[in-house]
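Source file start08.pdb; content: PDB, C-alpha atoms.
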```pdb
ATOM      1  CA  MET A1075    -108.898 -29.598 101.811
ATOM      2  CA  THR A1076    -110.572 -28.307  98.647
ATOM      3  CA  ALA A1077    -107.225 -28.274  96.857
ATOM      4  CA  ILE A1078    -106.617 -31.909  97.781
ATOM      5  CA  LEU A1079    -110.117 -32.905  96.749
ATOM      6  CA  ASN A1080    -109.701 -31.233  93.380
ATOM      7  CA  THR A1081    -106.668 -33.414  92.653
ATOM      8  CA  PHE A1082    -108.888 -36.514  92.666
ATOM      9  CA  ASN A1083    -110.382 -37.792  89.466
ATOM     10  CA  PRO A1084    -113.439 -39.790  90.640
ATOM     11  CA  GLU A1085    -113.022 -42.137  87.704
ATOM     12  CA  GLN A1086    -109.604 -43.119  89.058
ATOM     13  CA  LEU A1087    -110.936 -44.052  92.506
ATOM     14  CA  LYS A1088    -111.348 -47.785  92.850
ATOM     15  CA  ALA A1089    -111.626 -50.376  95.595
ATOM     16  CA  ALA A1090    -109.752 -53.633  95.022
ATOM     17  CA  LEU A1091    -108.403 -56.558  97.029
ATOM     18  CA  LEU A1092    -104.753 -56.095  97.940
ATOM     19  CA  ASN A1093    -102.036 -58.444  96.800
ATOM     20  CA  GLY A1094     -99.173 -59.692  98.948
ATOM     21  CA  GLU A1095     -96.789 -56.999  97.762
ATOM     22  CA  GLU A1096     -99.142 -54.264  98.987
ATOM     23  CA  LEU A1097     -99.404 -55.495 102.584
ATOM     24  CA  LYS A1098     -96.467 -53.363 103.742
ATOM     25  CA  LEU A1099     -98.173 -50.236 102.407
ATOM     26  CA  ALA A1100    -101.373 -51.279 104.167
ATOM     27  CA  ALA A1101     -99.511 -51.879 107.452
ATOM     28  CA  SER A1102     -97.929 -48.427 107.310
ATOM     29  CA  LEU A1103    -101.275 -46.743 106.617
ATOM     30  CA  LEU A1104    -103.001 -48.612 109.445
ATOM     31  CA  TYR A1105    -100.188 -47.778 111.853
ATOM     32  CA  GLN A1106    -100.575 -44.059 111.132
ATOM     33  CA  SER A1107    -104.347 -44.243 111.519
ATOM     34  CA  TYR A1108    -104.494 -46.346 114.692
ATOM     35  CA  TYR A1109    -101.517 -44.840 116.496
ATOM     36  CA  ASP A1110    -103.780 -42.775 118.786
ATOM     37  CA  ASP A1111    -106.563 -45.338 119.124
ATOM     38  CA  PRO A1112    -107.404 -45.470 122.859
ATOM     39  CA  LEU A1113    -107.823 -49.240 122.925
ATOM     40  CA  PHE A1114    -104.461 -49.891 121.290
ATOM     41  CA  LEU A1115    -102.845 -47.304 123.566
ATOM     42  CA  THR A1116    -104.171 -49.333 126.508
ATOM     43  CA  ILE A1117    -103.359 -52.813 125.209
ATOM     44  CA  PHE A1118     -99.869 -51.987 123.952
ATOM     45  CA  ARG A1119     -99.020 -49.554 126.769
ATOM     46  CA  GLY A1120     -98.752 -46.253 124.938
ATOM     47  CA  ASP A1121     -96.627 -44.711 127.693
ATOM     48  CA  ASP A1122     -93.805 -47.212 127.177
ATOM     49  CA  ALA A1123     -90.851 -46.429 124.950
ATOM     50  CA  ASP A1124     -91.429 -49.482 122.759
ATOM     51  CA  TYR A1125     -95.135 -48.777 122.135
ATOM     52  CA  GLU A1126     -94.521 -47.998 118.466
ATOM     53  CA  GLN A1127     -92.649 -51.262 117.952
ATOM     54  CA  ARG A1128     -95.380 -53.326 119.628
ATOM     55  CA  LEU A1129     -98.130 -51.605 117.651
ATOM     56  CA  ARG A1130     -96.327 -52.049 114.333
ATOM     57  CA  SER A1131     -95.722 -55.719 115.114
ATOM     58  CA  ALA A1132     -99.331 -56.319 116.106
ATOM     59  CA  ILE A1133    -100.714 -54.679 112.962
ATOM     60  CA  ARG A1134     -98.285 -56.618 110.803
ATOM     61  CA  GLU A1135     -99.260 -59.925 112.422
ATOM     62  CA  GLU A1136    -102.976 -59.147 112.100
ATOM     63  CA  LEU A1137    -102.552 -58.420 108.396
ATOM     64  CA  ASN A1138    -100.488 -61.563 107.874
ATOM     65  CA  THR A1139    -103.107 -63.630 109.704
ATOM     66  CA  LEU A1140    -105.907 -62.228 107.551
ATOM     67  CA  TRP A1141    -103.861 -62.761 104.400
ATOM     68  CA  GLN A1142    -102.957 -66.349 105.254
ATOM     69  CA  ALA A1143    -106.596 -67.074 106.079
ATOM     70  CA  GLN A1144    -107.529 -65.641 102.655
ATOM     71  CA  GLN A1145    -109.737 -62.966 104.156
ATOM     72  CA  PRO A1146    -110.607 -59.786 102.224
ATOM     73  CA  ILE A1147    -108.143 -56.915 102.612
ATOM     74  CA  VAL A1148    -109.633 -54.099 100.565
ATOM     75  CA  GLY A1149    -107.606 -51.158  99.352
ATOM     76  CA  LEU A1150    -108.937 -47.835  98.116
ATOM     77  CA  PHE A1151    -106.783 -46.564  95.288
ATOM     78  CA  HIS A1152    -106.531 -43.359  93.310
ATOM     79  CA  GLY A1153    -104.623 -44.588  90.311
ATOM     80  CA  GLU A1154    -101.725 -46.487  91.887
ATOM     81  CA  GLN A1155    -101.813 -44.615  95.211
ATOM     82  CA  LEU A1156    -103.220 -46.443  98.232
ATOM     83  CA  LEU A1157    -105.513 -44.068 100.140
ATOM     84  CA  GLY A1158    -107.349 -46.418 102.485
ATOM     85  CA  VAL A1159    -107.616 -49.980 103.785
ATOM     86  CA  ALA A1160    -110.407 -52.124 105.200
ATOM     87  CA  CYS A1161    -109.824 -55.614 106.624
ATOM     88  CA  VAL A1162    -112.637 -58.133 107.038
ATOM     89  CA  ALA A1163    -112.792 -61.479 108.849
ATOM     90  CA  GLY A1164    -115.495 -63.838 107.602
ATOM     91  CA  PRO A1165    -117.568 -66.420 109.486
ATOM     92  CA  ASP A1166    -115.172 -69.259 108.643
ATOM     93  CA  SER A1167    -111.915 -67.348 109.042
ATOM     94  CA  GLY A1168    -110.916 -69.020 112.306
ATOM     95  CA  ILE A1169    -109.893 -65.569 113.532
ATOM     96  CA  GLY A1170    -111.249 -64.647 116.932
ATOM     97  CA  GLY A1171    -110.659 -65.241 120.594
ATOM     98  CA  ASN A1172    -109.294 -68.738 119.959
ATOM     99  CA  ARG A1173    -106.297 -67.864 117.829
ATOM    100  CA  LEU A1174    -103.984 -70.386 116.218
ATOM    101  CA  TRP A1175    -100.847 -71.249 118.129
ATOM    102  CA  HIS A1176     -98.468 -69.698 115.584
ATOM    103  CA  TRP A1177    -100.261 -66.326 115.877
ATOM    104  CA  ARG A1178    -100.024 -66.520 119.658
ATOM    105  CA  LEU A1179     -96.311 -67.361 119.476
ATOM    106  CA  LYS A1180     -95.503 -64.490 117.123
ATOM    107  CA  MET A1181     -97.501 -62.033 119.220
ATOM    108  CA  LEU A1182     -95.826 -63.220 122.414
ATOM    109  CA  LEU A1183     -92.404 -62.664 120.853
ATOM    110  CA  THR A1184     -93.224 -59.220 119.462
ATOM    111  CA  ALA A1185     -95.922 -57.657 121.645
ATOM    112  CA  GLY A1186     -95.394 -59.509 124.905
ATOM    113  CA  PHE A1187     -97.561 -61.704 127.117
ATOM    114  CA  VAL A1188     -99.782 -58.999 128.618
ATOM    115  CA  SER A1189    -100.619 -57.392 125.263
ATOM    116  CA  THR A1190    -101.281 -60.773 123.664
ATOM    117  CA  ARG A1191    -103.580 -61.781 126.528
ATOM    118  CA  GLN A1192    -105.474 -58.507 126.294
ATOM    119  CA  MET A1193    -105.890 -58.851 122.520
ATOM    120  CA  LEU A1194    -107.372 -62.317 122.976
ATOM    121  CA  ASP A1195    -109.613 -61.143 125.814
ATOM    122  CA  LYS A1196    -110.880 -58.270 123.680
ATOM    123  CA  GLU A1197    -111.822 -60.568 120.826
ATOM    124  CA  GLN A1198    -113.406 -63.174 123.096
ATOM    125  CA  ARG A1199    -115.611 -60.563 124.749
ATOM    126  CA  ILE A1200    -116.599 -58.956 121.451
ATOM    127  CA  HIS A1201    -117.533 -62.272 119.885
ATOM    128  CA  GLY A1202    -119.285 -63.338 123.075
ATOM    129  CA  ALA A1203    -121.481 -60.249 122.927
ATOM    130  CA  MET A1204    -122.614 -60.948 119.364
ATOM    131  CA  PRO A1205    -126.226 -62.241 119.162
ATOM    132  CA  PHE A1206    -125.468 -64.049 115.898
ATOM    133  CA  GLU A1207    -123.726 -67.297 115.061
ATOM    134  CA  ARG A1208    -122.305 -66.495 111.638
ATOM    135  CA  TYR A1209    -121.152 -63.004 110.773
ATOM    136  CA  HIS A1210    -118.279 -60.942 109.453
ATOM    137  CA  MET A1211    -116.163 -58.579 111.559
ATOM    138  CA  LEU A1212    -114.537 -55.382 110.377
ATOM    139  CA  ALA A1213    -111.054 -55.688 111.848
ATOM    140  CA  PHE A1214    -109.652 -52.414 110.512
ATOM    141  CA  ILE A1215    -110.846 -49.516 108.418
ATOM    142  CA  ALA A1216    -108.725 -46.456 107.795
ATOM    143  CA  VAL A1217    -108.112 -43.668 105.338
ATOM    144  CA  SER A1218    -104.664 -42.117 105.174
ATOM    145  CA  PRO A1219    -104.565 -39.169 107.614
ATOM    146  CA  LYS A1220    -103.592 -36.928 104.703
ATOM    147  CA  TYR A1221    -106.853 -37.682 102.882
ATOM    148  CA  GLN A1222    -109.411 -37.863 105.673
ATOM    149  CA  HIS A1223    -112.669 -35.893 105.781
ATOM    150  CA  LEU A1224    -113.105 -36.145 102.019
ATOM    151  CA  GLY A1225    -115.754 -38.869 102.015
ATOM    152  CA  LEU A1226    -113.301 -41.583 101.000
ATOM    153  CA  GLY A1227    -114.290 -43.790 103.931
ATOM    154  CA  HIS A1228    -117.692 -44.269 102.320
ATOM    155  CA  TYR A1229    -116.055 -45.788  99.242
ATOM    156  CA  LEU A1230    -114.330 -48.303 101.506
ATOM    157  CA  ILE A1231    -117.341 -49.199 103.617
ATOM    158  CA  HIS A1232    -119.500 -49.720 100.531
ATOM    159  CA  ALA A1233    -116.890 -52.092  99.133
ATOM    160  CA  VAL A1234    -117.033 -54.027 102.405
ATOM    161  CA  ASP A1235    -120.834 -54.054 102.239
ATOM    162  CA  SER A1236    -120.749 -55.684  98.820
ATOM    163  CA  ILE A1237    -118.498 -58.475 100.114
ATOM    164  CA  VAL A1238    -120.754 -59.185 103.087
ATOM    165  CA  ASP A1239    -124.010 -58.919 101.132
ATOM    166  CA  GLU A1240    -122.804 -61.555  98.671
ATOM    167  CA  ASP A1241    -122.302 -64.138 101.459
ATOM    168  CA  SER A1242    -125.693 -65.713 102.121
ATOM    169  CA  SER A1243    -124.282 -67.638 105.103
ATOM    170  CA  SER A1244    -123.541 -64.434 107.034
ATOM    171  CA  SER A1245    -125.981 -62.450 109.167
ATOM    172  CA  GLY A1246    -124.029 -59.268 108.522
ATOM    173  CA  ILE A1247    -120.959 -57.476 109.814
ATOM    174  CA  GLY A1248    -119.923 -56.107 113.185
ATOM    175  CA  VAL A1249    -117.402 -53.488 114.286
ATOM    176  CA  PHE A1250    -116.154 -52.326 117.665
ATOM    177  CA  VAL A1251    -115.991 -48.512 117.737
ATOM    178  CA  THR A1252    -113.845 -46.971 120.463
ATOM    179  CA  LEU A1253    -114.313 -43.315 119.505
ATOM    180  CA  ALA A1254    -117.825 -41.885 119.653
ATOM    181  CA  LYS A1255    -117.086 -39.475 116.806
ATOM    182  CA  TYR A1256    -116.965 -42.419 114.392
ATOM    183  CA  GLN A1257    -120.343 -43.864 115.374
ATOM    184  CA  PRO A1258    -122.283 -41.554 113.001
ATOM    185  CA  PHE A1259    -120.121 -42.768 110.110
ATOM    186  CA  PHE A1260    -121.165 -46.364 110.731
ATOM    187  CA  ALA A1261    -124.745 -45.373 111.542
ATOM    188  CA  ASP A1262    -124.955 -43.765 108.093
ATOM    189  CA  ASP A1263    -124.186 -47.218 106.684
ATOM    190  CA  GLN A1264    -127.037 -48.827 108.654
ATOM    191  CA  TYR A1265    -124.903 -50.085 111.538
ATOM    192  CA  GLN A1266    -126.857 -50.270 114.789
ATOM    193  CA  LYS A1267    -125.471 -50.397 118.305
ATOM    194  CA  ILE A1268    -125.726 -53.786 120.004
ATOM    195  CA  THR A1269    -124.067 -53.009 123.317
ATOM    196  CA  ASP A1270    -121.316 -51.075 125.042
ATOM    197  CA  LEU A1271    -118.156 -52.815 126.236
ATOM    198  CA  ALA A1272    -115.361 -51.612 128.488
ATOM    199  CA  PHE A1273    -111.743 -52.752 128.497
ATOM    200  CA  GLY A1274    -110.035 -51.198 131.476
ATOM    201  CA  SER A1275    -110.493 -47.448 131.206
ATOM    202  CA  VAL A1276    -111.510 -47.662 127.529
ATOM    203  CA  SER A1277    -115.125 -48.130 126.512
ATOM    204  CA  GLY A1278    -116.677 -48.492 123.082
ATOM    205  CA  SER A1279    -119.746 -49.585 121.180
ATOM    206  CA  LEU A1280    -120.253 -52.871 119.382
ATOM    207  CA  MET A1281    -122.222 -52.076 116.227
ATOM    208  CA  PHE A1282    -123.741 -54.322 113.580
ATOM    209  CA  ARG A1283    -125.016 -53.986 110.023
ATOM    210  CA  HIS A1284    -127.392 -56.705 108.854
ATOM    211  CA  ARG A1285    -126.652 -58.283 105.525
ATOM    212  CA  GLN A1286    -128.918 -56.863 102.864
ATOM    213  CA  ASN A1287    -132.119 -58.939 102.442
ATOM    214  CA  ASN A1288    -131.337 -60.747 105.726
ATOM    215  CA  VAL A1289    -132.657 -58.495 108.464
ATOM    216  CA  THR A1290    -134.421 -60.975 110.707
ATOM    217  CA  GLY A1291    -132.358 -64.054 111.452
ATOM    218  CA  ASN A1292    -128.948 -65.558 112.064
TER     219      ASN A1292
END
```
Could you write out this structure as structure tokens?
Amino acid sequence: MTAILNTFNPEQLKAALLNGEELKLAASLLYQSYYDDPLFLTIFRGDDADYEQRLRSAIREELNTLWQAQQPIVGLFHGEQLLGVACVAGPDSGIGGNRLWHWRLKMLLTAGFVSTRQMLDKEQRIHGAMPFERYHMLAFIAVSPKYQHLGLGHYLIHAVDSIVDEDSSSSGIGVFVTLAKYQPFFADDQYQKITDLAFGSVSGSLMFRHRQNNVTGN
């Protein structure tokens, strides 16, 4: 780990919005990072032979939906190398439990009816549990498995914070955390637990970070 860390020049680390040509790189990185996520294993039936295909398709469609809705997809770069990705949906993104018909159609064709229904149910329940009217949601955040445990996730989350804090119409940003080991990471960034939610055999915590200078209201 020390050898890898020493190859980084901190001055070459930067967070920047991705362009369309970089979405494939982002999809590959997210696939590697979320392959063992318990919620995705449940929704896309990890025991089935075509799990990998369904997961890849779902991640690709989520990225395309965020891109078409002009939502922030933040990349963490070291020089030209993409090390991490964070995807954010804003208050006016239209992305949530009531998805557009073309997203539903693509998901039905690639992931199947059951997986599509479960994805929509997940988002409806998460948004229904939010005690705020206008807020951002952190859809994905991941650092390449090769470069994890080096503190790079903090670069990403701080870049997301700056986007949210600049939007005076937003109460803050939420995230659904399915693995307890990641809760301290978000807690370090002032995320607080709102509630626990269960989807089948998978449970997780809905956490929220208030927008800076907006800690009391919606």
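In terms of minimum interatomic distance to A:Ile1133, A:Ser1102 ranks closest within A:Gln1145, A:Gln1198, A:Ser1102, A:Gln1257, counting only C-alpha atoms.
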* the PyMOL selection byres ((chain A and resi 1273) around 12) on the file shown: which residues, as JSON, numbers by chain? -> {"A": [1112, 1113, 1114, 1115, 1116, 1117, 1192, 1193, 1194, 1195, 1196, 1197, 1198, 1199, 1200, 1250, 1252, 1270, 1271, 1272, 1274, 1275, 1276, 1277, 1278, 1279]}
Would you mind exporting the chosen residues as a CSV table (one decimal), in the frame of the given file, restricted to C-alpha atoms?
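out_19.csv, written as the output of this step:
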```csv
chain,number,residue,atom,x,y,z
A,1112,PRO,CA,-107.4,-45.5,122.9
A,1113,LEU,CA,-107.8,-49.2,122.9
A,1114,PHE,CA,-104.5,-49.9,121.3
A,1115,LEU,CA,-102.8,-47.3,123.6
A,1116,THR,CA,-104.2,-49.3,126.5
A,1117,ILE,CA,-103.4,-52.8,125.2
A,1192,GLN,CA,-105.5,-58.5,126.3
A,1193,MET,CA,-105.9,-58.9,122.5
A,1194,LEU,CA,-107.4,-62.3,123.0
A,1195,ASP,CA,-109.6,-61.1,125.8
A,1196,LYS,CA,-110.9,-58.3,123.7
A,1197,GLU,CA,-111.8,-60.6,120.8
A,1198,GLN,CA,-113.4,-63.2,123.1
A,1199,ARG,CA,-115.6,-60.6,124.7
A,1200,ILE,CA,-116.6,-59.0,121.5
A,1250,PHE,CA,-116.2,-52.3,117.7
A,1252,THR,CA,-113.8,-47.0,120.5
A,1270,ASP,CA,-121.3,-51.1,125.0
A,1271,LEU,CA,-118.2,-52.8,126.2
A,1272,ALA,CA,-115.4,-51.6,128.5
A,1274,GLY,CA,-110.0,-51.2,131.5
A,1275,SER,CA,-110.5,-47.4,131.2
A,1276,VAL,CA,-111.5,-47.7,127.5
A,1277,SER,CA,-115.1,-48.1,126.5
A,1278,GLY,CA,-116.7,-48.5,123.1
A,1279,SER,CA,-119.7,-49.6,121.2
```
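Among the candidates A:Arg1283, A:Arg1134, A:His1232, A:Arg1128, the one nearest to A:Val1148 when counting all atoms listed in the file is A:His1232.
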List the residues selected by the PyMOL selection byres ((chain A and resi 1141) around 12) in the file shown, writing them as a short mmCIF file (atom, residue, chain, number, x, y, z; two decimals) with C-alpha atoms, in the frame of the given file.
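Full text of selection33.cif as output:
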```cif
data_model
loop_
_atom_site.label_atom_id
_atom_site.label_comp_id
_atom_site.auth_asym_id
_atom_site.auth_seq_id
_atom_site.Cartn_x
_atom_site.Cartn_y
_atom_site.Cartn_z
CA LEU A 1091 -108.40 -56.56 97.03
CA LEU A 1092 -104.75 -56.10 97.94
CA ASN A 1093 -102.04 -58.44 96.80
CA GLY A 1094 -99.17 -59.69 98.95
CA GLU A 1095 -96.79 -57.00 97.76
CA GLU A 1096 -99.14 -54.26 98.99
CA LEU A 1097 -99.40 -55.50 102.58
CA LYS A 1098 -96.47 -53.36 103.74
CA ALA A 1100 -101.37 -51.28 104.17
CA ARG A 1134 -98.28 -56.62 110.80
CA GLU A 1135 -99.26 -59.92 112.42
CA GLU A 1136 -102.98 -59.15 112.10
CA LEU A 1137 -102.55 -58.42 108.40
CA ASN A 1138 -100.49 -61.56 107.87
CA THR A 1139 -103.11 -63.63 109.70
CA LEU A 1140 -105.91 -62.23 107.55
CA GLN A 1142 -102.96 -66.35 105.25
CA ALA A 1143 -106.60 -67.07 106.08
CA GLN A 1144 -107.53 -65.64 102.66
CA GLN A 1145 -109.74 -62.97 104.16
CA PRO A 1146 -110.61 -59.79 102.22
CA ILE A 1147 -108.14 -56.92 102.61
CA VAL A 1148 -109.63 -54.10 100.56
CA CYS A 1161 -109.82 -55.61 106.62
CA VAL A 1162 -112.64 -58.13 107.04
CA ALA A 1163 -112.79 -61.48 108.85
CA SER A 1167 -111.92 -67.35 109.04
CA ILE A 1169 -109.89 -65.57 113.53
#
```
* To do: Find, counting all atoms listed in the file, the residue in A:Leu1087, A:Asp1124, A:Ser1131, A:Ser1218 that gets nearest to A:Gln1106.
  =>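 With all atoms listed in the file as the atom set, the closest residue is A:Ser1218.
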* How would you write, as a VMD selection string, the residues chosen by the PyMOL selection byres ((chain A and resi 1226) around 12) on this structure? -> chain A and resid 1079 1082 1084 1087 to 1089 1149 to 1152 1156 to 1160 1215 to 1225 1227 to 1233 1259
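Among the candidates A:Lys1255, A:Ala1132, A:Val1234, A:Phe1282, the residue lying nearest to A:Tyr1209 is A:Phe1282 (atoms considered: only C-alpha atoms).
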* Structure fact -> Across A:Gln1086, A:Ser1107, A:Gln1127, A:Gln1266, the smallest distance to A:Gly1153, with all atoms listed in the file counted, is shown by A:Gln1086
* Å distance separating atom CA of A:Gly1246 from atom CA of A:Arg1191, one decimal place -> 27.4 Å
* **For atom CA of A:Gly1248 and atom CA of A:Met1211, the interatomic separation in Å (one decimal)** =>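 Here the two named atoms are 4.8 Å from each other.
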* In Å to one decimal, how far is atom CA of A:Ala1101 from atom CA of A:Gly1120? ->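 Going from atom CA of A:Gly1120 over to atom CA of A:Ala1101 covers 18.4 Å.
The nearest approach to A:Tyr1105 among the residues A:Tyr1256, A:Tyr1265, A:Phe1214, A:Phe1206, with only C-alpha atoms taken into account, belongs to A:Phe1214.
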Point (-128.0, -66.6, 104.1) neighbourhood (10 Å, only C-alpha atoms) written as a PDB file with C-alpha atoms, in the coordinates of the input:
```
ATOM      1  CA  ARG A1208    -122.305 -66.495 111.638  1.00  0.00           C
ATOM      2  CA  ASP A1239    -124.010 -58.919 101.132  1.00  0.00           C
ATOM      3  CA  GLU A1240    -122.804 -61.555  98.671  1.00  0.00           C
ATOM      4  CA  ASP A1241    -122.302 -64.138 101.459  1.00  0.00           C
ATOM      5  CA  SER A1242    -125.693 -65.713 102.121  1.00  0.00           C
ATOM      6  CA  SER A1243    -124.282 -67.638 105.103  1.00  0.00           C
ATOM      7  CA  SER A1244    -123.541 -64.434 107.034  1.00  0.00           C
ATOM      8  CA  SER A1245    -125.981 -62.450 109.167  1.00  0.00           C
ATOM      9  CA  GLY A1246    -124.029 -59.268 108.522  1.00  0.00           C
ATOM     10  CA  ARG A1285    -126.652 -58.283 105.525  1.00  0.00           C
ATOM     11  CA  GLN A1286    -128.918 -56.863 102.864  1.00  0.00           C
ATOM     12  CA  ASN A1287    -132.119 -58.939 102.442  1.00  0.00           C
ATOM     13  CA  ASN A1288    -131.337 -60.747 105.726  1.00  0.00           C
ATOM     14  CA  GLY A1291    -132.358 -64.054 111.452  1.00  0.00           C
ATOM     15  CA  ASN A1292    -128.948 -65.558 112.064  1.00  0.00           C
TER      16      ASN A1292
END
```
Filled-in N, CA and C atoms of stretch 1225-1247 of chain A, supplied as a PDB file, in the coordinates of the input:
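Ended up saving to part-v5.pdb:
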```pdb
ATOM      1  N   GLY A1225    -114.732 -37.910 102.414  1.00  0.00           N
ATOM      2  CA  GLY A1225    -115.754 -38.869 102.015  1.00  0.00           C
ATOM      3  C   GLY A1225    -115.211 -40.176 101.488  1.00  0.00           C
ATOM      4  N   LEU A1226    -113.891 -40.370 101.568  1.00  0.00           N
ATOM      5  CA  LEU A1226    -113.301 -41.583 101.000  1.00  0.00           C
ATOM      6  C   LEU A1226    -113.661 -42.828 101.819  1.00  0.00           C
ATOM      7  N   GLY A1227    -113.917 -42.648 103.111  1.00  0.00           N
ATOM      8  CA  GLY A1227    -114.290 -43.790 103.931  1.00  0.00           C
ATOM      9  C   GLY A1227    -115.554 -44.464 103.446  1.00  0.00           C
ATOM     10  N   HIS A1228    -116.447 -43.692 102.823  1.00  0.00           N
ATOM     11  CA  HIS A1228    -117.692 -44.269 102.320  1.00  0.00           C
ATOM     12  C   HIS A1228    -117.436 -45.199 101.130  1.00  0.00           C
ATOM     13  N   TYR A1229    -116.422 -44.879 100.326  1.00  0.00           N
ATOM     14  CA  TYR A1229    -116.055 -45.788  99.242  1.00  0.00           C
ATOM     15  C   TYR A1229    -115.628 -47.138  99.820  1.00  0.00           C
ATOM     16  N   LEU A1230    -114.820 -47.079 100.883  1.00  0.00           N
ATOM     17  CA  LEU A1230    -114.330 -48.303 101.506  1.00  0.00           C
ATOM     18  C   LEU A1230    -115.455 -49.117 102.121  1.00  0.00           C
ATOM     19  N   ILE A1231    -116.300 -48.459 102.901  1.00  0.00           N
ATOM     20  CA  ILE A1231    -117.341 -49.199 103.617  1.00  0.00           C
ATOM     21  C   ILE A1231    -118.339 -49.808 102.648  1.00  0.00           C
ATOM     22  N   HIS A1232    -118.593 -49.146 101.520  1.00  0.00           N
ATOM     23  CA  HIS A1232    -119.500 -49.720 100.531  1.00  0.00           C
ATOM     24  C   HIS A1232    -118.883 -50.935  99.857  1.00  0.00           C
ATOM     25  N   ALA A1233    -117.562 -50.911  99.681  1.00  0.00           N
ATOM     26  CA  ALA A1233    -116.890 -52.092  99.133  1.00  0.00           C
ATOM     27  C   ALA A1233    -117.000 -53.266 100.103  1.00  0.00           C
ATOM     28  N   VAL A1234    -116.866 -52.984 101.391  1.00  0.00           N
ATOM     29  CA  VAL A1234    -117.033 -54.027 102.405  1.00  0.00           C
ATOM     30  C   VAL A1234    -118.461 -54.550 102.395  1.00  0.00           C
ATOM     31  N   ASP A1235    -119.428 -53.646 102.282  1.00  0.00           N
ATOM     32  CA  ASP A1235    -120.834 -54.054 102.239  1.00  0.00           C
ATOM     33  C   ASP A1235    -121.080 -55.061 101.119  1.00  0.00           C
ATOM     34  N   SER A1236    -120.504 -54.803  99.964  1.00  0.00           N
ATOM     35  CA  SER A1236    -120.749 -55.684  98.820  1.00  0.00           C
ATOM     36  C   SER A1236    -120.202 -57.076  99.073  1.00  0.00           C
ATOM     37  N   ILE A1237    -119.074 -57.167  99.785  1.00  0.00           N
ATOM     38  CA  ILE A1237    -118.498 -58.475 100.114  1.00  0.00           C
ATOM     39  C   ILE A1237    -119.416 -59.235 101.056  1.00  0.00           C
ATOM     40  N   VAL A1238    -119.897 -58.545 102.083  1.00  0.00           N
ATOM     41  CA  VAL A1238    -120.754 -59.185 103.087  1.00  0.00           C
ATOM     42  C   VAL A1238    -122.100 -59.567 102.479  1.00  0.00           C
ATOM     43  N   ASP A1239    -122.680 -58.671 101.688  1.00  0.00           N
ATOM     44  CA  ASP A1239    -124.010 -58.919 101.132  1.00  0.00           C
ATOM     45  C   ASP A1239    -124.030 -60.087 100.158  1.00  0.00           C
ATOM     46  N   GLU A1240    -122.880 -60.429  99.602  1.00  0.00           N
ATOM     47  CA  GLU A1240    -122.804 -61.555  98.671  1.00  0.00           C
ATOM     48  C   GLU A1240    -122.694 -62.903  99.382  1.00  0.00           C
ATOM     49  N   ASP A1241    -122.475 -62.895 100.695  1.00  0.00           N
ATOM     50  CA  ASP A1241    -122.302 -64.138 101.459  1.00  0.00           C
ATOM     51  C   ASP A1241    -123.615 -64.480 102.154  1.00  0.00           C
ATOM     52  N   SER A1242    -124.379 -65.370 101.573  1.00  0.00           N
ATOM     53  CA  SER A1242    -125.693 -65.713 102.121  1.00  0.00           C
ATOM     54  C   SER A1242    -125.610 -66.453 103.444  1.00  0.00           C
ATOM     55  N   SER A1243    -124.417 -66.926 103.834  1.00  0.00           N
ATOM     56  CA  SER A1243    -124.282 -67.638 105.103  1.00  0.00           C
ATOM     57  C   SER A1243    -124.060 -66.690 106.276  1.00  0.00           C
ATOM     58  N   SER A1244    -123.869 -65.410 105.997  1.00  0.00           N
ATOM     59  CA  SER A1244    -123.541 -64.434 107.034  1.00  0.00           C
ATOM     60  C   SER A1244    -124.761 -63.609 107.407  1.00  0.00           C
ATOM     61  N   SER A1245    -124.900 -63.316 108.705  1.00  0.00           N
ATOM     62  CA  SER A1245    -125.981 -62.450 109.167  1.00  0.00           C
ATOM     63  C   SER A1245    -125.690 -60.983 108.888  1.00  0.00           C
ATOM     64  N   GLY A1246    -124.415 -60.648 108.750  1.00  0.00           N
ATOM     65  CA  GLY A1246    -124.029 -59.268 108.522  1.00  0.00           C
ATOM     66  C   GLY A1246    -122.613 -59.039 109.010  1.00  0.00           C
ATOM     67  N   ILE A1247    -122.327 -57.799 109.408  1.00  0.00           N
ATOM     68  CA  ILE A1247    -120.959 -57.476 109.814  1.00  0.00           C
ATOM     69  C   ILE A1247    -120.973 -56.588 111.049  1.00  0.00           C
TER      70      ILE A1247
END
```
